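Engineer: Structure file final28.cif (mmCIF, C-alpha atoms) right here:
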```cif
data_coords
loop_
_atom_site.label_atom_id
_atom_site.label_comp_id
_atom_site.auth_asym_id
_atom_site.auth_seq_id
_atom_site.Cartn_x
_atom_site.Cartn_y
_atom_site.Cartn_z
CA MET A 1 58.41 123.70 150.45
CA ALA A 2 58.67 125.09 146.95
CA SER A 3 59.10 128.82 146.57
CA GLU A 4 55.68 130.34 146.14
CA SER A 5 56.55 132.10 142.92
CA GLY A 6 53.84 130.40 140.94
CA SER A 7 56.51 129.68 138.37
CA ASN A 8 56.37 126.48 136.37
CA ARG A 9 60.13 126.39 135.92
CA ARG A 10 61.62 123.05 136.72
CA PRO A 11 63.88 123.25 139.72
CA GLU A 12 67.54 123.20 138.79
CA THR A 13 69.39 120.16 140.02
CA GLY A 14 72.96 120.72 138.81
CA ALA A 15 75.99 120.79 141.06
CA PHE A 16 77.55 124.11 142.07
CA PHE A 17 80.65 125.71 140.62
CA GLN A 18 83.80 124.98 142.53
CA ARG A 19 84.41 127.52 145.26
CA ASP A 20 87.41 129.78 144.62
CA ARG A 21 89.12 129.55 147.97
CA THR A 22 91.78 132.11 147.01
CA TRP A 23 89.02 134.71 146.76
CA HIS A 24 87.72 133.98 150.26
CA PRO A 25 89.87 134.67 153.31
CA PRO A 26 91.95 131.59 154.18
CA ALA A 27 91.18 129.76 157.43
CA LEU A 28 94.35 131.04 159.09
CA THR A 29 94.73 134.83 159.11
CA PRO A 30 97.12 135.48 162.02
CA GLY A 31 96.35 139.22 162.10
CA TYR A 32 92.90 138.12 163.28
CA LYS A 33 94.02 136.32 166.40
CA SER A 34 90.89 134.25 166.96
CA SER A 35 91.63 132.38 163.73
CA VAL A 36 94.94 130.99 165.00
CA LEU A 37 93.52 128.13 167.10
CA ARG A 38 90.29 127.78 165.12
CA SER A 39 91.67 127.21 161.63
CA PRO A 40 91.87 123.69 160.22
CA GLN A 41 95.40 122.87 159.08
CA LYS A 42 95.00 119.69 157.08
CA ALA A 43 93.97 119.52 153.43
CA LEU A 44 90.23 119.60 152.78
CA LEU A 45 88.53 116.57 151.23
CA SER A 46 87.38 117.66 147.78
CA PHE A 47 84.52 116.04 145.89
CA ASP A 48 81.84 117.06 143.43
CA ASN A 49 78.51 117.84 145.11
CA THR A 50 76.25 114.95 146.00
CA LEU A 51 72.53 115.42 146.59
CA SER A 52 73.36 116.26 150.22
CA GLU A 53 75.12 119.44 149.06
CA ILE A 54 72.91 120.20 146.05
CA ALA A 55 69.67 120.09 148.04
CA GLY A 56 68.96 122.62 150.75
CA PRO A 57 66.16 123.96 152.91
CA VAL A 58 63.91 126.59 151.32
CA PHE A 59 61.92 128.99 153.47
CA GLY A 60 58.53 130.43 152.59
CA HIS A 61 57.49 134.06 152.90
CA ALA A 62 54.80 132.94 155.37
CA MET A 63 57.39 132.75 158.14
CA LEU A 64 58.09 136.48 158.00
CA GLY A 65 56.59 138.95 160.42
CA GLU A 66 55.53 142.38 159.26
CA LEU A 67 58.44 144.19 160.91
CA ASP A 68 61.11 141.57 160.30
CA ASN A 69 62.78 143.81 157.72
CA ASP A 70 62.47 147.00 159.76
CA LEU A 71 65.13 147.15 162.47
CA ILE A 72 64.13 150.72 163.30
CA HIS A 73 60.80 149.47 164.63
CA ASN A 74 60.93 145.72 165.27
CA PHE A 75 62.12 146.14 168.87
CA ALA A 76 60.86 149.66 169.53
CA LYS A 77 58.11 150.64 171.91
CA PRO A 78 54.91 151.76 170.20
CA GLY A 79 55.38 155.21 168.74
CA GLU A 80 59.15 155.15 169.24
CA SER A 81 62.03 154.21 166.98
CA ALA A 82 65.73 153.37 167.06
CA ILE A 83 68.25 156.19 167.32
CA GLY A 84 70.74 156.75 164.51
CA GLU A 85 71.26 157.54 160.89
CA ARG A 86 68.24 156.06 159.11
CA ILE A 87 69.16 153.94 156.10
CA ILE A 88 67.67 151.54 153.58
CA VAL A 89 69.85 148.61 152.54
CA HIS A 90 68.75 146.98 149.32
CA GLY A 91 70.13 144.91 146.48
CA ARG A 92 69.83 141.57 144.78
CA VAL A 93 71.01 138.07 145.48
CA LEU A 94 72.54 136.70 142.28
CA ASP A 95 74.45 133.59 141.51
CA GLU A 96 77.76 133.49 139.66
CA ARG A 97 75.91 133.22 136.35
CA GLY A 98 74.35 136.61 137.05
CA VAL A 99 70.91 135.10 137.59
CA GLY A 100 68.73 136.54 140.35
CA VAL A 101 68.01 133.97 143.05
CA PRO A 102 64.42 134.06 144.37
CA GLY A 103 63.24 132.72 147.70
CA VAL A 104 66.55 133.29 149.51
CA LEU A 105 66.31 133.77 153.26
CA ILE A 106 68.63 136.58 154.36
CA GLU A 107 69.19 137.23 158.05
CA PHE A 108 71.13 140.27 159.26
CA TRP A 109 72.45 141.55 162.55
CA GLN A 110 74.43 144.55 163.65
CA ALA A 111 75.54 146.89 166.42
CA ASN A 112 73.48 149.99 167.20
CA ALA A 113 74.36 153.50 166.07
CA GLY A 114 76.92 153.79 168.87
CA GLY A 115 78.66 150.54 167.97
CA ARG A 116 77.17 148.47 170.81
CA TYR A 117 75.61 145.02 170.38
CA ARG A 118 72.65 143.83 172.41
CA HIS A 119 74.61 140.86 173.75
CA LYS A 120 75.78 140.05 177.25
CA LYS A 121 79.33 139.56 176.02
CA ASP A 122 79.57 143.07 174.60
CA GLY A 123 80.81 145.41 177.32
CA TYR A 124 81.64 148.41 175.14
CA LEU A 125 80.85 151.63 176.96
CA ALA A 126 78.57 152.99 174.24
CA PRO A 127 75.01 152.65 175.57
CA LEU A 128 72.34 150.24 174.44
CA ASP A 129 69.41 151.76 172.61
CA PRO A 130 66.24 150.54 174.36
CA ASN A 131 64.45 150.62 171.00
CA PHE A 132 66.99 148.64 169.00
CA ALA A 133 67.68 144.89 169.00
CA GLY A 134 69.84 144.68 165.87
CA CYS A 135 68.36 141.69 164.06
CA GLY A 136 66.14 141.29 161.03
CA ARG A 137 65.37 139.06 158.09
CA THR A 138 63.75 138.96 154.69
CA ILE A 139 63.29 136.66 151.69
CA THR A 140 64.23 137.66 148.15
CA GLY A 141 61.56 138.24 145.54
CA GLU A 142 61.25 136.70 142.11
CA ASP A 143 64.18 138.73 140.70
CA GLY A 144 66.40 138.10 143.73
CA GLY A 145 65.70 141.56 145.12
CA TYR A 146 65.56 142.38 148.81
CA GLY A 147 65.56 145.40 151.11
CA PHE A 148 65.34 146.39 154.73
CA ARG A 149 65.36 149.47 156.91
CA THR A 150 67.74 150.07 159.79
CA VAL A 151 70.09 152.59 161.37
CA LYS A 152 73.70 152.77 160.30
CA PRO A 153 75.77 150.81 162.82
CA GLY A 154 78.67 152.54 164.54
CA PRO A 155 82.29 151.38 164.41
CA TYR A 156 83.64 149.92 167.64
CA PRO A 157 86.89 148.85 169.30
CA TRP A 158 87.54 145.14 169.80
CA PRO A 159 90.13 143.12 171.67
CA ASN A 160 92.54 141.91 169.00
CA GLY A 161 95.43 144.32 168.75
CA PRO A 162 95.71 146.96 171.49
CA ASN A 163 93.84 149.50 169.37
CA ASP A 164 91.85 147.70 166.67
CA TRP A 165 88.52 149.04 165.47
CA ARG A 166 85.91 147.34 163.33
CA PRO A 167 84.58 149.41 160.45
CA ALA A 168 80.82 149.93 160.49
CA HIS A 169 79.31 146.70 159.21
CA ILE A 170 76.19 144.58 158.98
CA HIS A 171 76.42 140.78 159.21
CA PHE A 172 74.56 138.80 156.55
CA SER A 173 73.56 135.13 156.62
CA VAL A 174 72.33 133.82 153.28
CA PHE A 175 70.69 130.57 152.18
CA GLY A 176 70.68 129.73 148.50
CA HIS A 177 68.80 126.79 147.03
CA GLY A 178 71.50 124.27 147.87
CA PHE A 179 73.26 123.81 151.20
CA ALA A 180 76.60 124.21 149.38
CA GLN A 181 75.62 127.85 148.73
CA ARG A 182 75.31 128.62 152.43
CA LEU A 183 77.21 131.81 153.20
CA ILE A 184 77.85 134.24 156.02
CA THR A 185 79.53 137.54 155.29
CA GLN A 186 79.64 141.20 156.28
CA MET A 187 78.64 144.37 154.48
CA TYR A 188 80.81 147.48 154.79
CA PHE A 189 80.01 151.08 153.88
CA GLN A 190 81.52 153.02 151.02
CA GLY A 191 84.19 155.49 152.07
CA ASP A 192 84.86 154.11 155.55
CA PRO A 193 88.63 154.43 156.14
CA LEU A 194 88.50 151.74 158.84
CA ILE A 195 87.78 149.05 156.21
CA TRP A 196 91.38 148.96 155.04
CA LYS A 197 92.82 148.80 158.56
CA CYS A 198 90.62 145.97 159.84
CA PRO A 199 92.41 142.64 160.51
CA ILE A 200 89.24 140.68 159.69
CA VAL A 201 88.77 142.44 156.36
CA ARG A 202 92.48 142.16 155.58
CA GLY A 203 92.20 138.39 155.70
CA ILE A 204 90.85 138.83 152.17
CA ALA A 205 93.81 139.04 149.78
CA ASP A 206 92.21 140.70 146.77
CA LYS A 207 91.22 144.37 146.91
CA ALA A 208 88.43 143.69 144.43
CA ALA A 209 86.97 141.09 146.78
CA ILE A 210 86.90 143.63 149.61
CA GLU A 211 85.21 146.12 147.33
CA ALA A 212 82.61 143.45 146.57
CA LEU A 213 81.63 143.59 150.25
CA THR A 214 81.37 147.37 150.29
CA ALA A 215 77.89 148.79 149.78
CA ILE A 216 77.58 151.90 147.64
CA LEU A 217 75.53 154.98 148.48
CA ASP A 218 72.46 154.91 146.25
CA THR A 219 70.92 158.36 146.14
CA GLN A 220 68.19 157.22 143.73
CA ALA A 221 66.88 154.82 146.36
CA THR A 222 66.89 157.27 149.25
CA ILE A 223 63.57 158.32 150.72
CA PRO A 224 63.58 162.12 150.69
CA MET A 225 63.48 163.68 154.16
CA ASP A 226 63.60 160.18 155.69
CA ALA A 227 66.42 157.73 154.92
CA LEU A 228 69.62 157.37 152.91
CA ALA A 229 70.08 154.17 150.90
CA TYR A 230 72.93 151.78 150.25
CA LYS A 231 72.96 149.11 147.54
CA PHE A 232 74.52 145.76 148.38
CA ASP A 233 74.37 142.82 145.96
CA ILE A 234 75.27 139.35 147.19
CA VAL A 235 76.61 136.64 144.89
CA LEU A 236 76.16 132.94 145.64
CA ARG A 237 77.85 130.00 143.96
CA GLY A 238 76.57 129.32 140.45
CA ARG A 239 74.94 126.10 139.37
CA ARG A 240 76.14 123.95 136.52
CA SER A 241 73.61 123.18 133.83
CA SER A 242 72.67 119.54 134.08
CA LEU A 243 71.84 119.35 130.34
CA PHE A 244 74.73 117.16 129.34
CA GLU A 245 75.60 115.62 132.66
CA ASN A 246 74.90 112.15 133.81
CA ARG A 247 71.84 112.71 135.89
CA LEU A 248 71.83 112.01 139.55
CA GLU A 249 70.09 108.79 140.36
CA GLY A 250 66.36 109.32 140.33
CA ASN A 251 66.43 112.65 138.50
CA MET B 252 91.54 138.22 123.04
CA ALA B 253 88.33 136.27 123.36
CA GLN B 254 84.81 136.85 124.55
CA SER B 255 84.10 137.40 128.23
CA LEU B 256 82.43 134.68 130.27
CA ASP B 257 80.40 137.35 132.08
CA ARG B 258 80.50 135.43 135.31
CA LEU B 259 80.27 137.02 138.71
CA ARG B 260 82.36 135.94 141.67
CA GLU B 261 80.91 134.60 144.89
CA SER B 262 80.72 137.16 147.68
CA PRO B 263 83.72 136.53 149.92
CA SER B 264 82.92 135.07 153.31
CA GLN B 265 83.54 136.88 156.58
CA THR B 266 83.41 135.47 160.08
CA ALA B 267 80.04 135.20 161.85
CA GLY B 268 81.76 136.85 164.82
CA PRO B 269 81.03 136.53 168.53
CA TYR B 270 77.52 137.96 168.32
CA VAL B 271 76.07 135.56 165.75
CA HIS B 272 73.27 134.74 168.21
CA ILE B 273 71.72 138.18 167.78
CA GLY B 274 71.02 137.43 164.16
CA LEU B 275 70.38 133.70 164.08
CA THR B 276 69.09 132.71 167.52
CA PRO B 277 67.99 135.97 169.14
CA ASN B 278 65.74 134.32 171.73
CA VAL B 279 68.72 132.36 173.07
CA CYS B 280 70.60 135.57 173.81
CA GLY B 281 67.72 137.32 175.49
CA ILE B 282 66.22 139.20 172.56
CA SER B 283 62.58 138.26 172.75
CA GLY B 284 59.65 139.71 170.94
CA VAL B 285 61.25 140.09 167.52
CA TYR B 286 60.75 136.48 166.34
CA ALA B 287 58.29 134.16 168.10
CA THR B 288 60.80 131.30 168.02
CA ASP B 289 64.35 130.79 166.85
CA LEU B 290 64.49 129.26 163.40
CA GLY B 291 65.60 125.62 163.33
CA SER B 292 65.26 125.07 167.08
CA ILE B 293 62.67 122.29 166.73
CA MET B 294 63.16 119.61 164.08
CA VAL B 295 60.59 116.91 164.82
CA ASN B 296 56.92 116.75 165.78
CA ASP B 297 54.60 113.89 166.80
CA LYS B 298 53.98 112.90 163.20
CA THR B 299 57.57 112.83 162.00
CA LYS B 300 58.50 109.38 160.73
CA GLY B 301 61.66 107.64 161.89
CA GLU B 302 63.77 106.78 164.89
CA ARG B 303 64.12 109.65 167.37
CA ILE B 304 67.74 110.36 168.16
CA GLY B 305 69.69 112.99 170.03
CA VAL B 306 72.85 114.43 168.54
CA LYS B 307 75.32 116.17 170.82
CA ILE B 308 78.14 118.03 169.16
CA ARG B 309 81.09 119.95 170.55
CA VAL B 310 83.63 121.96 168.58
CA LEU B 311 87.15 121.95 170.02
CA ASP B 312 89.91 124.43 169.20
CA GLY B 313 93.61 123.70 168.80
CA THR B 314 94.11 123.47 172.57
CA GLY B 315 91.17 121.06 173.01
CA THR B 316 88.98 123.76 174.55
CA PRO B 317 85.31 123.63 173.49
CA LEU B 318 84.07 126.69 171.61
CA LYS B 319 81.26 128.40 173.49
CA ASP B 320 80.38 130.95 170.84
CA ALA B 321 79.95 128.71 167.79
CA LEU B 322 76.79 127.97 165.85
CA ILE B 323 76.06 124.71 164.07
CA GLU B 324 73.52 124.00 161.36
CA ILE B 325 72.62 120.47 160.35
CA TRP B 326 70.95 119.29 157.14
CA GLN B 327 69.76 115.77 156.57
CA ALA B 328 67.41 113.49 154.69
CA ASP B 329 64.22 112.08 156.19
CA ALA B 330 63.84 108.50 157.42
CA ASP B 331 63.44 107.29 153.82
CA GLY B 332 66.50 109.11 152.54
CA LEU B 333 64.58 111.95 150.86
CA TYR B 334 65.44 115.64 151.22
CA ASN B 335 62.74 118.20 151.91
CA SER B 336 63.98 120.41 149.09
CA PRO B 337 62.78 121.55 145.64
CA THR B 338 65.90 119.87 144.24
CA GLU B 339 64.70 116.47 145.45
CA MET B 340 63.30 114.78 142.33
CA ARG B 341 62.92 111.22 143.64
CA GLY B 342 59.72 111.75 145.57
CA ALA B 343 58.08 113.78 148.30
CA ALA B 344 59.89 113.89 151.62
CA ASP B 345 58.09 113.51 154.94
CA PRO B 346 56.02 116.73 155.25
CA ASN B 347 56.58 116.58 159.00
CA PHE B 348 60.33 116.79 158.70
CA PHE B 349 62.06 119.90 157.37
CA GLY B 350 65.50 118.31 157.68
CA TRP B 351 67.34 121.42 158.81
CA GLY B 352 68.25 122.52 162.32
CA ARG B 353 70.26 125.24 163.96
CA CYS B 354 71.79 125.36 167.43
CA PRO B 355 74.33 127.57 169.17
CA THR B 356 76.88 125.88 171.38
CA ASP B 357 75.91 126.17 175.03
CA MET B 358 77.59 129.22 176.55
CA GLU B 359 78.70 127.17 179.60
CA THR B 360 79.38 123.65 178.31
CA GLY B 361 79.99 124.16 174.59
CA VAL B 362 77.52 121.39 173.75
CA CYS B 363 75.11 121.71 170.82
CA ALA B 364 72.14 119.38 171.32
CA PHE B 365 69.77 118.47 168.49
CA GLU B 366 66.67 116.31 168.70
CA THR B 367 66.12 114.76 165.31
CA ILE B 368 65.60 111.44 163.52
CA LYS B 369 68.04 108.99 162.04
CA PRO B 370 68.25 109.78 158.30
CA GLY B 371 67.82 107.17 155.60
CA ARG B 372 70.39 106.49 152.92
CA VAL B 373 70.82 108.89 150.00
CA PRO B 374 72.29 107.83 146.65
CA PHE B 375 75.70 109.03 145.53
CA ARG B 376 75.98 110.49 142.00
CA ASP B 377 76.39 107.05 140.45
CA GLY B 378 73.46 105.48 142.30
CA ARG B 379 75.41 103.66 144.99
CA LEU B 380 73.94 104.38 148.40
CA MET B 381 75.83 106.62 150.77
CA ALA B 382 75.75 105.67 154.45
CA PRO B 383 73.26 107.60 156.62
CA HIS B 384 74.80 110.95 157.43
CA ILE B 385 74.06 114.47 158.60
CA THR B 386 75.71 117.44 156.92
CA LEU B 387 77.25 119.93 159.34
CA TRP B 388 78.00 123.60 158.79
CA ILE B 389 79.95 125.37 161.54
CA VAL B 390 80.52 129.09 162.00
CA ALA B 391 82.06 131.08 164.85
CA ARG B 392 84.34 133.93 165.75
CA GLY B 393 87.72 133.07 164.26
CA ILE B 394 86.25 130.93 161.47
CA ASN B 395 86.61 132.92 158.26
CA LEU B 396 84.60 130.59 156.02
CA GLY B 397 81.91 128.24 157.36
CA LEU B 398 83.23 124.71 157.83
CA HIS B 399 81.49 121.85 156.04
CA THR B 400 81.69 118.25 157.18
CA ARG B 401 79.50 115.23 157.87
CA LEU B 402 78.46 113.19 160.85
CA TYR B 403 78.15 109.43 160.25
CA PHE B 404 76.83 106.88 162.78
CA SER B 405 78.88 104.36 164.75
CA ASP B 406 76.18 101.65 164.50
CA GLU B 407 76.18 101.72 160.68
CA GLU B 408 79.43 99.87 160.20
CA ASN B 409 78.45 98.08 157.01
CA ALA B 410 77.01 101.16 155.36
CA ASN B 411 79.97 103.25 156.47
CA GLY B 412 82.26 100.62 154.96
CA GLU B 413 80.79 101.16 151.50
CA ASP B 414 80.24 104.92 151.67
CA PRO B 415 81.77 106.62 148.59
CA ILE B 416 82.77 109.78 150.49
CA LEU B 417 84.38 107.98 153.42
CA ALA B 418 86.16 105.81 150.86
CA ARG B 419 87.87 108.88 149.42
CA ILE B 420 89.71 109.65 152.64
CA GLU B 421 93.31 108.75 151.86
CA HIS B 422 94.58 108.52 155.42
CA ARG B 423 92.27 105.84 156.85
CA ILE B 424 93.29 106.78 160.36
CA ARG B 425 91.20 109.96 159.88
CA VAL B 426 87.91 108.21 158.99
CA PRO B 427 86.79 107.92 162.64
CA THR B 428 86.85 111.73 162.92
CA LEU B 429 83.54 111.66 161.01
CA ILE B 430 81.81 108.96 163.03
CA ALA B 431 79.59 109.82 166.00
CA GLU B 432 79.54 107.42 168.93
CA ARG B 433 76.17 105.98 169.92
CA GLN B 434 75.40 106.27 173.64
CA GLY B 435 71.84 105.01 174.21
CA GLY B 436 69.58 107.10 172.02
CA THR B 437 72.14 109.84 171.57
CA TYR B 438 75.07 110.21 169.21
CA VAL B 439 78.05 112.10 170.56
CA PHE B 440 80.38 113.88 168.17
CA ASP B 441 83.45 116.03 168.75
CA VAL B 442 84.66 118.27 165.96
CA HIS B 443 88.38 118.97 166.25
CA LEU B 444 89.41 122.13 164.42
CA GLN B 445 93.11 121.27 164.64
CA GLY B 446 95.58 118.73 165.92
CA GLU B 447 96.20 115.03 165.61
CA ASN B 448 92.46 114.29 165.50
CA GLU B 449 91.56 117.15 163.19
CA THR B 450 88.15 116.44 161.66
CA VAL B 451 88.06 115.86 157.92
CA PHE B 452 86.52 119.04 156.49
CA PHE B 453 85.10 119.19 152.99
CA ASP B 454 85.54 121.28 149.89
CA SER B 455 82.48 120.41 147.83
#
```
Kindly present the structure from the file in structure tokens form.
Structural biologist:
Amino acid sequence: MASESGSNRRPETGAFFQRDRTWHPPALTPGYKSSVLRSPQKALLSFDNTLSEIAGPVFGHAMLGELDNDLIHNFAKPGESAIGERIIVHGRVLDERGVGVPGVLIEFWQANAGGRYRHKKDGYLAPLDPNFAGCGRTITGEDGGYGFRTVKPGPYPWPNGPNDWRPAHIHFSVFGHGFAQRLITQMYFQGDPLIWKCPIVRGIADKAAIEALTAILDTQATIPMDALAYKFDIVLRGRRSSLFENRLEGN
Amino acid sequence: MAQSLDRLRESPSQTAGPYVHIGLTPNVCGISGVYATDLGSIMVNDKTKGERIGVKIRVLDGTGTPLKDALIEIWQADADGLYNSPTEMRGAADPNFFGWGRCPTDMETGVCAFETIKPGRVPFRDGRLMAPHITLWIVARGINLGLHTRLYFSDEENANGEDPILARIEHRIRVPTLIAERQGGTYVFDVHLQGENETVFFDS
């Protein structure tokens, strides 16, 4: 399935830039207790991408339903809507070269405005919102742009330390063009003091990396009398130019 | 001083957390009516070419306990070794095989069961053929950055013996951690996150 951009650009086939694993949280972050028994301890096997990593599934816009990018309405009864602070989240998916990445499937999920997930394992006492499921998806346009509408999720307590709270956040799952670009991350909100106390966030060593996951209030993109807006750009691994490389067999 | 490279940095990863199902397989966790089906839940149809196989995967933590809140994605070539991807320049892959699947571990047993086909062989960068394999990507609560590895097949001994990636594993005693055991029409594969049998994970 090629992206339906109508573009006559040749697909890029180069390998991806090496991942900077000091920028990501390491596997073992003892302050986040669940990582202790789930973190590999042996050295990773490093190799330049083969076609298995360079290729990846690409999803077409045809799979999207009309309300897939509207969490305020995609689970709500007719005429009703989710409760909470109405927001737009928008931005671009870029790669490390600064190039917008079109045709990227982004899936997102979150707690409701009270900080409660619609999941049988979440027993937090904040109530479920009958009109809110907490999932949505979209596909980036030709310039890598995307956007969706939701309610701002609430912070919530979680069983790690005796009194740990997650900052308000939205989970993002992102496909690039190659399977090596596959990424899951979380978006935080500008000004939330819980960000800097969170053991999951603090697994990231570099303050600038944490800031890169923090969406900024974007008053130009708000809808007057309706919804505030936050801008959140996502960066995927960049692709090497294959101009001077030995081509992969068959390319 | 010199010019700037003007490069961006990859967004740092964060764990998928315990509620990954809400976002990626909502129907499995009881959220129906938002998406008609969960993406990646069905990989083959009647017209898909190739040998039908089952793949059953568990992910075990450092105590040997299966994870019950993990999610696995698999990515593989078609029966002729072609990827259904715009990057595939060698020919058109089977239009009836997307090559990508997604499955949460069962909340009781920890088993992830895929119904797929045996992939063909894909060339390495230098043209040598790699052994048939399936790429795995594993996320869960407690996993800060998705884990990448491969599943190879126990009945492909010759191909496995000349696979350029398996050949790079210095400690040969670890090679079997990447090989799924054939039991009838199903391959069984345990991923060990830690311990003596820790699976070889990739940085590629």
Engineer: Point out the residue among B:Arg392, B:His384, B:Lys369, B:Arg353 with the least atom-to-atom distance to Ile293 of chain B, counting all atoms listed in the file.
Structural biologist: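 Of B:Arg392, B:His384, B:Lys369, B:Arg353, the one nearest Ile293 of chain B, counting all atoms listed in the file, is B:Arg353.
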Engineer: Each residue of chain B with at least one atom at most 7 Å from chain A should appear once, together with its nearest atom pair and the corresponding distance in Å (one decimal); atoms considered: all atoms listed in the file; ordering: chain, then increasing residue number; output as a Markdown table.
Structural biologist:
```
| residue | atom | partner | partner_atom | distance |
| --- | --- | --- | --- | --- |
| B:Arg258 | CA | A:Arg97 | CA | 5.2 |
| B:Leu259 | CA | A:Glu96 | CA | 4.4 |
| B:Arg260 | CA | A:Glu96 | CA | 5.6 |
| B:Glu261 | CA | A:Val235 | CA | 4.8 |
| B:Ser262 | CA | A:Val235 | CA | 5.0 |
| B:Pro263 | CA | A:His24 | CA | 4.8 |
| B:Ser264 | CA | A:Thr185 | CA | 4.6 |
| B:Gln265 | CA | A:Thr185 | CA | 4.3 |
| B:Thr266 | CA | A:Thr185 | CA | 6.5 |
| B:Ala267 | CA | A:Ile184 | CA | 6.3 |
| B:Tyr270 | CA | A:His119 | CA | 6.8 |
| B:Ile273 | CA | A:Cys135 | CA | 6.1 |
| B:Gly274 | CA | A:Trp109 | CA | 4.6 |
| B:Cys280 | CA | A:His119 | CA | 6.6 |
| B:Ile282 | CA | A:Ala133 | CA | 6.9 |
| B:Val285 | CA | A:Asn74 | CA | 6.1 |
| B:Asp312 | CA | A:Arg38 | CA | 5.3 |
| B:Gly313 | CA | A:Leu37 | CA | 4.7 |
| B:Tyr334 | CA | A:Ala55 | CA | 6.9 |
| B:Asn335 | CA | A:Pro57 | CA | 6.8 |
| B:Ser336 | CA | A:Pro57 | CA | 5.7 |
| B:Pro337 | CA | A:Ala2 | CA | 5.6 |
| B:Thr338 | CA | A:Ala55 | CA | 5.4 |
| B:Glu339 | CA | A:Ala55 | CA | 6.7 |
| B:Met340 | CA | A:Asn251 | CA | 5.4 |
| B:Arg341 | CA | A:Gly250 | CA | 5.1 |
| B:Trp351 | CA | A:Pro57 | CA | 6.5 |
| B:Pro374 | CA | A:Glu249 | CA | 6.7 |
| B:Phe375 | CA | A:Thr50 | CA | 6.0 |
| B:Arg376 | CA | A:Leu248 | CA | 5.1 |
| B:Asp377 | CA | A:Glu249 | CA | 6.5 |
| B:Gly378 | CA | A:Glu249 | CA | 5.1 |
| B:Arg392 | CA | A:Ser34 | CA | 6.7 |
| B:Gly393 | CA | A:Ser35 | CA | 4.0 |
| B:Ile394 | CA | A:Ser35 | CA | 6.0 |
| B:Asn395 | CA | A:Ala27 | CA | 5.6 |
| B:Leu396 | CA | A:Ala27 | CA | 6.8 |
| B:Leu444 | CA | A:Pro40 | CA | 5.1 |
| B:Gln445 | CA | A:Pro40 | CA | 5.2 |
| B:Val451 | CA | A:Leu44 | CA | 6.7 |
| B:Phe452 | CA | A:Leu44 | CA | 5.3 |
| B:Phe453 | CA | A:Leu45 | CA | 4.7 |
| B:Asp454 | CA | A:Ser46 | CA | 4.6 |
| B:Ser455 | CA | A:Phe47 | CA | 5.2 |
```
Engineer: Would you output that residue set with C-alpha atoms, as a short mmCIF file (atom, residue, chain, number, x, y, z; two decimals), in the frame of the given file?
Structural biologist:
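What ended up in result.cif:
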```
data_model
loop_
_atom_site.label_atom_id
_atom_site.label_comp_id
_atom_site.auth_asym_id
_atom_site.auth_seq_id
_atom_site.Cartn_x
_atom_site.Cartn_y
_atom_site.Cartn_z
CA ARG B 258 80.50 135.43 135.31
CA LEU B 259 80.27 137.02 138.71
CA ARG B 260 82.36 135.94 141.67
CA GLU B 261 80.91 134.60 144.89
CA SER B 262 80.72 137.16 147.68
CA PRO B 263 83.72 136.53 149.92
CA SER B 264 82.92 135.07 153.31
CA GLN B 265 83.54 136.88 156.58
CA THR B 266 83.41 135.47 160.08
CA ALA B 267 80.04 135.20 161.85
CA TYR B 270 77.52 137.96 168.32
CA ILE B 273 71.72 138.18 167.78
CA GLY B 274 71.02 137.43 164.16
CA CYS B 280 70.60 135.57 173.81
CA ILE B 282 66.22 139.20 172.56
CA VAL B 285 61.25 140.09 167.52
CA ASP B 312 89.91 124.43 169.20
CA GLY B 313 93.61 123.70 168.80
CA TYR B 334 65.44 115.64 151.22
CA ASN B 335 62.74 118.20 151.91
CA SER B 336 63.98 120.41 149.09
CA PRO B 337 62.78 121.55 145.64
CA THR B 338 65.90 119.87 144.24
CA GLU B 339 64.70 116.47 145.45
CA MET B 340 63.30 114.78 142.33
CA ARG B 341 62.92 111.22 143.64
CA TRP B 351 67.34 121.42 158.81
CA PRO B 374 72.29 107.83 146.65
CA PHE B 375 75.70 109.03 145.53
CA ARG B 376 75.98 110.49 142.00
CA ASP B 377 76.39 107.05 140.45
CA GLY B 378 73.46 105.48 142.30
CA ARG B 392 84.34 133.93 165.75
CA GLY B 393 87.72 133.07 164.26
CA ILE B 394 86.25 130.93 161.47
CA ASN B 395 86.61 132.92 158.26
CA LEU B 396 84.60 130.59 156.02
CA LEU B 444 89.41 122.13 164.42
CA GLN B 445 93.11 121.27 164.64
CA VAL B 451 88.06 115.86 157.92
CA PHE B 452 86.52 119.04 156.49
CA PHE B 453 85.10 119.19 152.99
CA ASP B 454 85.54 121.28 149.89
CA SER B 455 82.48 120.41 147.83
#
```
Engineer: Provide the atom CA of Leu311 of chain B to atom CA of Thr428 of chain B distance in Å, to one decimal place.
Structural biologist: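 Taking atom CA of Leu311 of chain B and atom CA of Thr428 of chain B, their separation equals 12.4 Å.
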Engineer: Do you know which residues are at most 9 Å from Gly301 of chain B counting all atoms listed in the file, after dropping those on the same chain fewer than 6 positions away, and could you put them as a ChimeraX atom specification?
Structural biologist: /B:329-331,368-371
Engineer: With C-alpha atoms retained, write the just-selected residues as an mmCIF file, keeping the file's coordinate frame.
Structural biologist:
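See result_29.cif below for the written result:
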```
data_model
loop_
_atom_site.group_PDB
_atom_site.id
_atom_site.type_symbol
_atom_site.label_atom_id
_atom_site.label_comp_id
_atom_site.auth_asym_id
_atom_site.auth_seq_id
_atom_site.Cartn_x
_atom_site.Cartn_y
_atom_site.Cartn_z
ATOM 1 C CA ASP B 329 64.220 112.080 156.190
ATOM 2 C CA ALA B 330 63.840 108.500 157.420
ATOM 3 C CA ASP B 331 63.440 107.290 153.820
ATOM 4 C CA ILE B 368 65.600 111.440 163.520
ATOM 5 C CA LYS B 369 68.040 108.990 162.040
ATOM 6 C CA PRO B 370 68.250 109.780 158.300
ATOM 7 C CA GLY B 371 67.820 107.170 155.600
#
```
